[in-house]
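So this block is model14.csv, CSV, C-alpha atoms and all ligand atoms:
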```csv
chain,number,residue,atom,x,y,z
A,17,MET,CA,0.0,0.0,0.0
A,18,SER,CA,1.4,3.4,-0.8
A,19,GLU,CA,0.3,7.0,-0.7
A,20,ASP,CA,1.5,7.4,-4.3
A,21,LYS,CA,-1.0,4.7,-5.3
A,22,LEU,CA,-3.8,6.5,-3.5
A,23,GLU,CA,-2.9,9.8,-5.3
A,24,SER,CA,-3.1,8.2,-8.7
A,25,LEU,CA,-6.3,6.5,-7.7
A,26,LEU,CA,-7.8,9.8,-6.6
A,27,GLN,CA,-6.8,11.5,-9.9
A,28,VAL,CA,-9.7,9.6,-11.5
A,29,TYR,CA,-12.2,11.5,-9.4
A,30,PRO,CA,-12.5,15.3,-9.7
A,31,SER,CA,-11.9,17.1,-6.5
A,32,GLY,CA,-15.0,18.1,-4.5
A,33,ARG,CA,-17.4,15.8,-6.4
A,34,GLN,CA,-19.1,13.9,-3.6
A,35,GLU,CA,-21.0,11.6,-6.0
A,36,TYR,CA,-17.8,9.7,-6.5
A,37,LEU,CA,-17.5,8.6,-2.9
A,38,ILE,CA,-18.8,5.0,-3.4
A,39,PRO,CA,-16.7,4.3,-6.6
A,40,ALA,CA,-13.6,5.7,-4.8
A,41,LEU,CA,-14.2,3.5,-1.8
A,42,GLN,CA,-14.7,0.5,-4.1
A,43,ASP,CA,-11.4,1.3,-5.8
A,44,MET,CA,-9.6,1.5,-2.5
A,45,GLN,CA,-11.1,-1.7,-1.3
A,46,GLN,CA,-10.1,-3.5,-4.5
A,47,GLN,CA,-6.6,-2.1,-4.3
A,48,TRP,CA,-5.8,-3.0,-0.7
A,49,GLY,CA,-8.5,-5.4,0.4
A,50,TYR,CA,-9.6,-2.9,3.0
A,51,ILE,CA,-9.8,0.8,3.5
A,52,PRO,CA,-7.1,2.2,5.7
A,53,GLU,CA,-7.8,5.2,8.0
A,54,TRP,CA,-5.2,7.4,6.4
A,55,ALA,CA,-6.8,6.8,3.0
A,56,ILE,CA,-10.2,7.9,4.3
A,57,LYS,CA,-8.7,11.1,5.6
A,58,ARG,CA,-7.1,11.8,2.3
A,59,LEU,CA,-10.3,11.0,0.4
A,60,ALA,CA,-12.3,13.3,2.7
A,61,ALA,CA,-10.0,16.2,1.8
A,62,HIS,CA,-10.2,15.3,-1.9
A,63,LEU,CA,-14.0,15.0,-2.1
A,64,GLN,CA,-14.6,17.7,0.5
A,65,ILE,CA,-16.7,15.4,2.7
A,66,PRO,CA,-16.1,15.0,6.5
A,67,ALA,CA,-14.3,11.7,7.3
A,68,SER,CA,-17.1,10.9,9.8
A,69,THR,CA,-19.6,11.1,6.9
A,70,ILE,CA,-17.4,8.7,4.8
A,71,TYR,CA,-17.3,6.2,7.7
A,72,GLY,CA,-21.1,6.5,8.1
A,73,VAL,CA,-21.7,5.7,4.4
A,74,ALA,CA,-19.0,3.0,4.2
A,75,THR,CA,-20.2,1.1,7.3
A,76,PHE,CA,-23.7,1.1,5.8
A,77,TYR,CA,-22.4,-1.2,3.1
A,78,ASN,CA,-21.2,-4.7,4.1
A,79,GLN,CA,-18.7,-4.8,1.3
A,80,PHE,CA,-16.3,-2.3,2.9
A,81,ARG,CA,-13.6,-3.4,5.5
A,82,PHE,CA,-11.5,-1.1,7.7
A,83,VAL,CA,-9.0,-3.7,8.8
A,84,PRO,CA,-6.8,-5.9,6.6
A,85,LYS,CA,-7.4,-9.6,6.3
A,86,GLY,CA,-5.1,-12.1,7.9
A,87,LYS,CA,-3.3,-14.8,6.1
A,88,TYR,CA,-6.2,-17.0,7.0
A,89,HIS,CA,-9.5,-15.1,6.8
A,90,PHE,CA,-12.3,-16.8,8.6
A,91,GLN,CA,-15.9,-15.9,7.7
A,92,LEU,CA,-18.4,-17.4,10.0
A,93,CYS,CA,-22.0,-17.4,8.8
A,94,TYR,CA,-24.4,-16.2,11.4
A,95,GLY,CA,-27.5,-16.4,9.3
A,96,THR,CA,-30.7,-18.1,10.5
A,97,ALA,CA,-29.9,-21.7,9.4
A,98,CYS,CA,-26.3,-21.6,10.6
A,99,TYR,CA,-27.4,-20.0,13.9
A,100,LEU,CA,-29.9,-22.8,14.4
A,101,PHE,CA,-27.2,-25.4,13.7
A,102,GLY,CA,-24.7,-24.1,16.2
A,103,ALA,CA,-23.0,-21.0,14.7
A,104,SER,CA,-22.8,-19.4,18.2
A,105,THR,CA,-20.8,-22.3,19.6
A,106,LEU,CA,-18.5,-22.2,16.6
A,107,LEU,CA,-18.1,-18.4,17.1
A,108,GLN,CA,-17.1,-18.8,20.7
A,109,GLU,CA,-14.6,-21.4,19.8
A,110,LEU,CA,-13.1,-19.4,17.0
A,111,GLU,CA,-12.8,-16.3,19.2
A,112,SER,CA,-11.1,-18.4,21.8
A,113,MET,CA,-8.7,-20.3,19.5
A,114,LEU,CA,-7.8,-17.3,17.3
A,115,GLY,CA,-7.7,-14.8,20.2
A,116,ILE,CA,-9.7,-12.2,18.2
A,117,LYS,CA,-13.2,-11.1,17.8
A,118,ASP,CA,-15.4,-10.2,14.8
A,119,GLY,CA,-13.7,-7.6,12.6
A,120,GLU,CA,-10.3,-8.1,14.1
A,121,ILE,CA,-6.9,-9.4,12.9
A,122,SER,CA,-4.4,-11.2,15.1
A,123,ASP,CA,-1.3,-9.3,16.1
A,124,ASP,CA,0.8,-11.6,14.0
A,125,GLY,CA,-1.4,-11.0,10.9
A,126,ILE,CA,-2.1,-14.8,10.6
A,127,PHE,CA,-5.8,-14.8,11.4
A,128,SER,CA,-8.8,-12.5,10.8
A,129,LEU,CA,-12.4,-13.1,11.7
A,130,GLU,CA,-15.6,-11.8,10.1
A,131,VAL,CA,-19.1,-12.8,11.2
A,132,GLY,CA,-21.8,-12.1,8.7
A,133,GLY,CA,-25.1,-13.0,7.1
A,134,CYS,CA,-26.0,-15.9,4.9
A,135,LEU,CA,-23.1,-17.2,2.8
A,136,GLY,CA,-25.5,-19.1,0.5
A,137,GLY,CA,-24.9,-22.6,1.8
A,138,CYS,CA,-27.8,-23.0,4.2
A,139,ALA,CA,-28.4,-26.6,3.3
A,140,GLN,CA,-24.9,-27.3,4.7
A,141,ALA,CA,-25.3,-25.2,7.9
A,142,PRO,CA,-23.3,-24.4,9.8
A,143,VAL,CA,-20.9,-22.9,7.3
A,144,VAL,CA,-17.5,-21.4,7.7
A,145,ALA,CA,-15.3,-20.1,4.9
A,146,VAL,CA,-11.5,-19.8,5.1
A,147,ASN,CA,-10.0,-17.6,2.4
A,148,GLY,CA,-13.1,-18.1,0.4
A,149,GLU,CA,-13.2,-21.8,0.6
A,150,PHE,CA,-16.4,-23.2,2.1
A,151,TYR,CA,-16.7,-25.8,4.9
A,152,GLY,CA,-20.3,-27.0,5.5
A,153,ASN,CA,-21.9,-29.2,8.2
A,154,LEU,CA,-19.0,-28.2,10.3
A,155,SER,CA,-18.8,-29.7,13.8
A,156,LEU,CA,-17.0,-28.1,16.7
A,157,SER,CA,-14.3,-30.8,16.6
A,158,GLN,CA,-13.8,-30.3,12.8
A,159,LEU,CA,-13.4,-26.6,13.4
A,160,GLN,CA,-10.9,-27.2,16.2
A,161,LYS,CA,-8.9,-29.6,14.1
A,162,MET,CA,-8.9,-27.1,11.2
A,163,VAL,CA,-7.5,-24.3,13.4
A,164,GLU,CA,-5.0,-26.6,15.1
A,165,ASN,CA,-3.7,-27.7,11.7
A,166,ILE,CA,-3.2,-24.1,10.5
A,167,LYS,CA,-1.4,-23.2,13.7
A,168,LEU,CA,0.8,-26.3,13.4
A,169,GLU,CA,1.5,-25.4,9.8
A,170,GLU,CA,2.4,-21.9,10.7
A,171,SER,CA,4.6,-22.9,13.6
A,172,ILE,CA,6.6,-25.2,11.2
A,173,SER,CA,7.0,-22.6,8.5
A,174,ALA,CA,7.9,-19.9,11.0
B,1,LIG,S1,-27.6,-19.2,6.9
B,1,LIG,FE1,-25.5,-19.8,6.8
B,1,LIG,S2,-25.2,-20.3,4.8
B,1,LIG,FE2,-27.2,-19.5,4.8
```

So, in terms of structure tokens, how does the structure I just supplied come out?
Amino acid sequence: MSEDKLESLLQVYPSGRQEYLIPALQDMQQQWGYIPEWAIKRLAAHLQIPASTIYGVATFYNQFRFVPKGKYHFQLCYGTACYLFGASTLLQELESMLGIKDGEISDDGIFSLEVGGCLGGCAQAPVVAVNGEFYGNLSLSQLQKMVENIKLEESISA
């Protein structure tokens, strides 16, 4: 990520034109996978919109993130079907094993966690995705094994 990259990205959008807020945020998200705080401040100055307004708009849309993803990005579905089939238990275990909560990234950058709505695999509830790969009908022990395997792999490669 670089400030130079942001400047060239902003050149696409005329200064002071607030209608370009969403496209500019989408560009940033695509560029870095999240929208850093310093980039929001610079965007606010460029489009002449208060940073607080930008946060308000951006948080309205689920597509925008404000923290980077970890090497292993866990998405836990908390939709109705997954909730009924034990998503809350899986969430407790993930928070405990990863040492982070929804929307956070671990200090070492290995794990990040995102809890959200239906991932589109209700028939296989509960569902967890890791780096976009789906795991359905996931039991607590399977989840524990998955995380343990990743931790083991990371400790070996460290
Ligand atoms: S509710 Fe979890 S995949 Fe649909």

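All residues, whether protein, DNA or RNA, that have an atom at most 8 Å from ligand LIG 1 (chain B) (counting only C-alpha atoms and all ligand atoms) are Cys93, Tyr94, Gly95, Thr96, Ala97, Cys98, Tyr99, Gly133, Cys134, Leu135, Gly136, Gly137, Cys138, Ala139, Gln140, Ala141, Pro142 and Val143 of chain A.
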
Can you write out the residues you just picked, keeping C-alpha atoms, as a compact mmCIF listing (two decimals), keeping the file's coordinate frame?
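Done, and the output landed in selection.txt:
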```
# COMPACT_ATOMS: atom_id res chain seq x y z
CA CYS A 93 -22.00 -17.40 8.80
CA TYR A 94 -24.40 -16.20 11.40
CA GLY A 95 -27.50 -16.40 9.30
CA THR A 96 -30.70 -18.10 10.50
CA ALA A 97 -29.90 -21.70 9.40
CA CYS A 98 -26.30 -21.60 10.60
CA TYR A 99 -27.40 -20.00 13.90
CA GLY A 133 -25.10 -13.00 7.10
CA CYS A 134 -26.00 -15.90 4.90
CA LEU A 135 -23.10 -17.20 2.80
CA GLY A 136 -25.50 -19.10 0.50
CA GLY A 137 -24.90 -22.60 1.80
CA CYS A 138 -27.80 -23.00 4.20
CA ALA A 139 -28.40 -26.60 3.30
CA GLN A 140 -24.90 -27.30 4.70
CA ALA A 141 -25.30 -25.20 7.90
CA PRO A 142 -23.30 -24.40 9.80
CA VAL A 143 -20.90 -22.90 7.30
```

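The space between atom CA of Thr105 of chain A and atom CA of Ser155 of chain A spans 9.6 Å.
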
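Distance check against Leu37 of chain A using only C-alpha atoms: of A:Ser24, A:Leu59, A:Trp54, A:Phe90, the minimum falls on A:Leu59.
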
Atomic separation - atom CA of Leu154 of chain A relative to atom CA of Glu109 of chain A, Å:
12.5 Å

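Remark: for Gly32 of chain A, the closest of the candidate residues A:Ala61, A:Ile172, A:Val73, A:Met44 is A:Ala61 (distances computed over all atoms listed in the file).
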
Between atom CA of Lys167 of chain A and atom CA of Gly125 of chain A - distance in Å to one decimal:
12.5 Å

Kindly extract all protein, DNA and RNA residues lying within 10 Å of the coordinates (-8.0, -10.7, 9.0) given in the file, considering only C-alpha atoms, and supply them as a VMD selection string.
chain A and resid 50 81 83 to 91 116 118 to 123 125 to 130 147

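Nearest to Ala145 of chain A of all the residues A:Arg58, A:Arg33, A:Lys21, A:Gly132 is A:Gly132, based on all atoms listed in the file.
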
Which is closer to Tyr36 of chain A than all the others in A:Glu53, A:Leu22, A:Val131, A:Leu63, using all atoms listed in the file?
A:Leu63

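With all atoms listed in the file as the atoms that count, the residue of A:Phe150, A:Phe101, A:Tyr29, A:Phe82 with the shortest distance to Ala55 of chain A is A:Phe82.
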